[in-house]
Every structure is written in C-alpha cells, then in structure tokens.
Amino acid sequence: MTVPGLPMAVPSRDLPTRVRIHEVGARDGLQNEKATVPTEVKAEFIRRLADAGLTTIEATSFVHPKWVPQLADAEQVFPLVSDLPVALPVLVPNERGLDRALALGARRVAVFASATESFAKANLNRTVDEALAMFEPVVNRAKSEDVHVRGYLSMCFGDPWEGAVPIPQVVQVCKALLDMGCDELSLGDTIGVATPGHVVALLAALDEAGVPLSALGVHFHDTYGQALANTLAALQQGVTTVDASAGGLGGCPYAKSATGNLATEDLEWMLRGLGIDTGIDLGRLVATSTWMATQLGRPSPSRTVRALSHEDTEEH
C-alpha cells in the first residue's frame with residue numbers, strides 16, 4: 001500500500017546523485033511475450049512511459065520478422081511515437097535493419113553482440129568474431145550519419161552452455177565494440193547468474209583496460225533474485241546507466257533459463273530510498289505497468305507494482 005514519505009531517502013556518499021534508466025520494456029519485454037501485442041497498444045505503452053518521466057525508451061527492433069514476430073510491426077510503431085521528446089533507440093541486427101531504421105528517422109540504434117561463442121552461435125548463427133565483423137559496417141555507417149550507437153553484450157557473467165565466462169574474455173569483446181565506434185555498452189547478465197562481487201570484478205577489469213565507466217550501462221535479469229544487489233554494486237563503482245523493464249517484462253528468447261528483466265519500478269523504489277534522482281513519476285509508472293499487465297492478461301511480476309497497485313491484496 002502507498003504510505004506518504006516512503007521510502008525514506010537516505011543518501012550515501014559513495015553513490016551517484018542521478019541515474020539514467022534505459023527503459024527496455026517496449027522492446028526486450030514485449031519481444032518475449034507469447035501473444036502479439038497490437039501496434040496501437042505498443043505505441044500507447046511507449047507514450048505512457050514517456051509521460052511517467054522516462055527519457056530513454058527502447059522503442060522496437062528492426063530484426064527480420066521471422067526471428068522476432070512480436071516486433072514485426074516496427075515500421076508501424078516507430079512513426080507513432082517518433083514525435084515524443086525522448087530518446088528512442090531501436091535494435092538493428094545488420095545493415096538491412098539499419099536501413100529500415102534510418103528511413104524512419106531513428107537517431108539512436110543498438111547492436112547485439114555476445115561475450116561467448118555458444119550464445120553467438122545460438123543467437124546470431126555466427127562466431128563472436130564473425131558477429132563483430134557483421135556489426136562493423138553497421139556501426140561505421142551509423143556514425144557517418146551522426147547516429148548514436150549502443151552495443152549490447154550478452155552473457156557477460158555466465159552462459160547456459162559454457163558456464164562461467166572469463167572476465168578477460170568479456171573485456172576483450174567490450175574493447176572491440178568501443179574500438180568499432182560504439183558510444184556506450186550495456187553489460188548483460190542474460191541468464192541472471194551474476195553476484196555483486198563478480199560485478200565489481202568485471203567493472204574493475206574494464207576500468208583497468210581503459211574502458212570509461214561513463215560509457216557503461218548494466219542490464220541485469222532477476223533469475224536468482226540478485227538484480228537489485230548487482231545494480232547497487234555497479235552504482236557503488238560509479239555506473240550511472242541502468243537498464244530496466246517496466247513491470248519486469250522480458251527475458252531472452254535464445255536463453256531458456258532467463259527470467260524477467262529488473263523491473264523499473266523496483267529499481268526506482270530502491271533509488272528513491274538512496275536519494276538518487278531519476279526524474280520518474282512512480283505513480284504514473286505503476287499505473288502504466290498495471291495497464292499493460294491488463295493488456296497482457298496477467299499480473300505484473302514487479303513487486304513494487306503489486307505492492308502499490310494492491311495486486312497482492314487478499315480478501316478476508
């Protein structure tokens with residue numbers, strides 16, 4: 001239930017005063033739904049997220065409809081939201097995807113790489129090096145058009161086929177993406193196996209390798225209930241960009257053990273308690289996720305959404 005003054009804000013000296021939430025619910029969340037969400041509902045979802053104060057909202061993916069049928073309407077969705085005064089990055093897997101995105105006026109794109117050979121094979125049907133070679137002309141062309149490029153890196157903390165992923169291996173692919181021209185990187189805990197000490201160790205190794213913290217975001221899944229703890233560890237190291245999904249939507253279609261992303265509302269609750277500003281209106285965000293849960297025909301996985309919308313209230 002909602003109680004005035006809660007959570008009480010208790011700032012910490014070792015944490016940033018502001019964090020940018022990179023909202024992925026409309027892309028990473030909806031692409032993993034079994035049912036296809038109508039185009040108009042997707043656009044309304046993005047508009048409501050913007051109205052709740054989110055400033056970076058990943059809008060859709062220009063992947064071939066055969067691979068991600070839930071986002072086959074990218075050409076229809078993007079024009080419905082392109083007038084919003086927020087950043088609207090889109091996923092592009094190759095040059096054809098980039099062409100489609102640029103034709104609609106997209107100014108922020110993302111490519112999706114892997115830190116492991118097994119996941120690169122499962123997700124892209126390529127080796128890690130072959131995938132990087134495929135992305136290079138995409139990134140080069142985007143930069144020549146003055147388009148911002150984000151590089152997603154999956155399996156940074158563990159792989160369902162290979163197990164533990166050596167930290168130097170992750171650092172190597174991160175460096176390759178930055179050297180290619182990516183403006184920022186998102187470190188993905190794709191199957192949710194990271195723990196705080198691992199997060200600190202990876203960030204320390206990246207820092208030692210000359211990767212600026214300002215270029216890094218973190219993307220945690222909550223498979224083992226570690227997403228908020230891992231996020232806090234990253235914030236303590238100086239990271240200020242955190243990926244999250246409204247209502248906790250999403251997983252990974254190519255990693256069956258992956259559960260939902262870190263819920264934006266759960267993240268916002270923690271950040272508020274730490275005195276960290278995000279610019280988000282939590283009430284509007286909860287209302288948005290409650291609305292989307294109704295559209296999907298199931299309750300929101302987010303603990304904060306359930307608490308503030310009384311979804312878990314039992315009749316006595």
# chains A, B, ... in the order shown; residues from 1 in each chain; ligands from 1
$ residues_around --residues "Glu58 of chain A" --least-positions-apart "3" --cutoff "12 Å" --atoms "only C-alpha atoms" --output "NGL selection string"
:A and (21-31 or 42-43 or 45-47 or 49-50 or 54-55 or 61-62 or 74 or 77-78 or 81-82 or 86-92 or 106-110 or 150 or 243-246)
$ residues_around --residues "Ser118 of chain A" --least-positions-apart "5" --cutoff "12 Å" --atoms "only C-alpha atoms" --output "compact mmCIF listing (two decimals) with N, CA and C atoms, in the first residue's frame"
# COMPACT_ATOMS: atom_id res chain seq x y z
N ALA A 113 25.74 -8.01 -29.42
CA ALA A 113 26.86 -8.95 -29.52
C ALA A 113 26.85 -9.92 -28.35
N ASN A 123 22.29 -17.24 -31.06
CA ASN A 123 21.54 -16.00 -31.28
C ASN A 123 21.76 -15.44 -32.68
N LEU A 124 23.00 -15.55 -33.19
CA LEU A 124 23.35 -14.92 -34.46
C LEU A 124 23.83 -15.89 -35.53
N ASN A 125 23.96 -17.16 -35.14
CA ASN A 125 24.47 -18.19 -36.06
C ASN A 125 25.83 -17.81 -36.61
N ARG A 126 26.65 -17.22 -35.75
CA ARG A 126 28.00 -16.79 -36.12
C ARG A 126 28.94 -16.98 -34.94
N THR A 127 30.23 -16.96 -35.18
CA THR A 127 31.19 -16.89 -34.09
C THR A 127 31.20 -15.46 -33.55
N VAL A 128 31.85 -15.27 -32.42
CA VAL A 128 31.96 -13.93 -31.85
C VAL A 128 32.63 -12.98 -32.84
N SER A 154 25.84 -9.65 -24.48
CA SER A 154 25.17 -10.70 -23.72
C SER A 154 26.17 -11.64 -23.05
N MET A 155 25.71 -12.35 -22.05
CA MET A 155 26.45 -13.41 -21.37
C MET A 155 27.75 -12.90 -20.73
N GLY A 158 27.83 -15.21 -17.25
CA GLY A 158 27.62 -16.65 -17.26
C GLY A 158 26.85 -17.05 -18.51
N ASP A 159 27.07 -18.29 -18.94
CA ASP A 159 26.47 -18.78 -20.18
C ASP A 159 25.86 -20.15 -19.89
N PRO A 160 24.63 -20.43 -20.39
CA PRO A 160 23.99 -21.70 -20.06
C PRO A 160 24.69 -22.91 -20.65
N TRP A 161 25.51 -22.72 -21.68
CA TRP A 161 26.25 -23.82 -22.30
C TRP A 161 27.69 -23.89 -21.80
N GLU A 162 28.29 -22.73 -21.57
CA GLU A 162 29.72 -22.70 -21.23
C GLU A 162 29.99 -22.50 -19.75
N GLY A 163 28.96 -22.10 -18.99
CA GLY A 163 29.17 -21.86 -17.57
C GLY A 163 29.80 -20.50 -17.32
N VAL A 165 32.05 -17.32 -17.44
CA VAL A 165 32.68 -16.62 -18.56
C VAL A 165 33.89 -15.85 -18.02
N TYR A 254 16.48 -16.71 -26.67
CA TYR A 254 17.51 -17.68 -27.03
C TYR A 254 18.23 -18.26 -25.82
N ALA A 255 17.78 -17.88 -24.61
CA ALA A 255 18.34 -18.43 -23.38
C ALA A 255 17.18 -18.82 -22.49
$ residues_around --residues "Val193 of chain A" --least-positions-apart "6" --cutoff "8 Å" --atoms "only C-alpha atoms" --output "list of chain:residue names"
A:Phe157, A:Gly158, A:Thr223, A:Tyr224, A:Gln226
$ residues_around --residues "Trp269 of chain A" --least-positions-apart "5" --cutoff "9 Å" --atoms "only C-alpha atoms" --output "PyMOL selection string"
chain A and resi 7+264+274+282+304
$ atom_distance --atom1 "atom CA of Ser144 of chain A" --atom2 "atom CA of Met180 of chain A"
12.5 Å
$ select_by_dssp --residues "segment 176-296 of chain A" --states "strand (DSSP E)" --output "NGL selection string"
:A and (184-189 or 216-220 or 241-244)
$ closest_residue --among "A:Thr290, A:Arg96, A:Leu232, A:His310" --to "Ile276 of chain A" --atoms "only C-alpha atoms"
A:Leu232
$ decode --residues "segment 283-309 of chain A" --atoms "N, CA, C and O atoms" --output "compact mmCIF listing (two decimals), in the first residue's frame"
# COMPACT_ATOMS: atom_id res chain seq x y z
N GLY A 283 4.14 6.89 -9.45
CA GLY A 283 2.71 6.61 -9.53
C GLY A 283 2.26 6.38 -10.97
O GLY A 283 1.52 5.43 -11.26
N ARG A 284 2.71 7.23 -11.86
CA ARG A 284 2.35 7.08 -13.27
C ARG A 284 2.97 5.82 -13.87
O ARG A 284 2.36 5.16 -14.72
N LEU A 285 4.19 5.51 -13.44
CA LEU A 285 4.85 4.33 -13.97
C LEU A 285 4.12 3.06 -13.51
O LEU A 285 3.89 2.15 -14.31
N VAL A 286 3.74 3.01 -12.26
CA VAL A 286 2.99 1.86 -11.75
C VAL A 286 1.66 1.72 -12.48
O VAL A 286 1.25 0.62 -12.87
N ALA A 287 0.99 2.85 -12.70
CA ALA A 287 -0.28 2.82 -13.43
C ALA A 287 -0.08 2.29 -14.85
O ALA A 287 -0.90 1.53 -15.38
N THR A 288 1.03 2.66 -15.47
CA THR A 288 1.33 2.19 -16.82
C THR A 288 1.55 0.69 -16.85
O THR A 288 1.02 -0.02 -17.71
N SER A 289 2.33 0.18 -15.90
CA SER A 289 2.60 -1.25 -15.88
C SER A 289 1.36 -2.05 -15.50
O SER A 289 1.16 -3.18 -15.99
N THR A 290 0.51 -1.49 -14.65
CA THR A 290 -0.75 -2.15 -14.30
C THR A 290 -1.65 -2.24 -15.53
O THR A 290 -2.28 -3.27 -15.81
N TRP A 291 -1.68 -1.15 -16.29
CA TRP A 291 -2.45 -1.13 -17.55
C TRP A 291 -1.92 -2.17 -18.54
O TRP A 291 -2.68 -2.92 -19.15
N MET A 292 -0.59 -2.23 -18.69
CA MET A 292 -0.01 -3.18 -19.63
C MET A 292 -0.25 -4.62 -19.17
O MET A 292 -0.50 -5.51 -19.99
N ALA A 293 -0.20 -4.87 -17.87
CA ALA A 293 -0.50 -6.20 -17.36
C ALA A 293 -1.91 -6.62 -17.74
O ALA A 293 -2.17 -7.79 -18.09
N THR A 294 -2.83 -5.67 -17.71
CA THR A 294 -4.21 -5.94 -18.11
C THR A 294 -4.26 -6.28 -19.60
O THR A 294 -4.98 -7.20 -20.02
N GLN A 295 -3.50 -5.55 -20.40
CA GLN A 295 -3.45 -5.83 -21.84
C GLN A 295 -2.92 -7.23 -22.11
O GLN A 295 -3.35 -7.90 -23.05
N LEU A 296 -1.97 -7.67 -21.28
CA LEU A 296 -1.34 -8.98 -21.47
C LEU A 296 -2.13 -10.10 -20.80
O LEU A 296 -1.83 -11.29 -21.01
N GLY A 297 -3.08 -9.74 -19.97
CA GLY A 297 -3.92 -10.74 -19.33
C GLY A 297 -3.28 -11.48 -18.19
O GLY A 297 -3.63 -12.63 -17.89
N ARG A 298 -2.31 -10.85 -17.52
CA ARG A 298 -1.66 -11.48 -16.37
C ARG A 298 -1.09 -10.41 -15.45
O ARG A 298 -0.84 -9.28 -15.87
N PRO A 299 -0.88 -10.75 -14.18
CA PRO A 299 -0.36 -9.75 -13.25
C PRO A 299 1.09 -9.38 -13.55
O PRO A 299 1.83 -10.16 -14.15
N SER A 300 1.48 -8.20 -13.14
CA SER A 300 2.86 -7.76 -13.31
C SER A 300 3.79 -8.54 -12.38
O SER A 300 3.46 -8.76 -11.22
N PRO A 301 4.97 -8.94 -12.87
CA PRO A 301 5.95 -9.62 -12.00
C PRO A 301 6.60 -8.67 -10.98
O PRO A 301 7.21 -9.13 -10.02
N SER A 302 6.49 -7.36 -11.19
CA SER A 302 7.17 -6.40 -10.32
C SER A 302 6.58 -6.39 -8.92
O SER A 302 5.38 -6.21 -8.73
N ARG A 303 7.43 -6.55 -7.91
CA ARG A 303 6.98 -6.50 -6.52
C ARG A 303 6.42 -5.12 -6.19
O ARG A 303 5.41 -4.99 -5.48
N THR A 304 7.06 -4.08 -6.69
CA THR A 304 6.62 -2.72 -6.38
C THR A 304 5.28 -2.42 -7.04
O THR A 304 4.40 -1.79 -6.43
N VAL A 305 5.10 -2.86 -8.26
CA VAL A 305 3.81 -2.67 -8.92
C VAL A 305 2.72 -3.36 -8.12
O VAL A 305 1.64 -2.79 -7.86
N ARG A 306 2.97 -4.58 -7.68
CA ARG A 306 1.97 -5.32 -6.92
C ARG A 306 1.67 -4.63 -5.60
O ARG A 306 0.51 -4.53 -5.18
N ALA A 307 2.71 -4.15 -4.93
CA ALA A 307 2.51 -3.51 -3.64
C ALA A 307 1.72 -2.20 -3.77
O ALA A 307 0.80 -1.93 -2.99
N LEU A 308 2.07 -1.40 -4.76
CA LEU A 308 1.45 -0.08 -4.90
C LEU A 308 0.10 -0.12 -5.61
O LEU A 308 -0.69 0.83 -5.53
N SER A 309 -0.17 -1.20 -6.34
CA SER A 309 -1.46 -1.30 -7.02
C SER A 309 -2.38 -2.30 -6.31
O SER A 309 -3.47 -2.60 -6.80
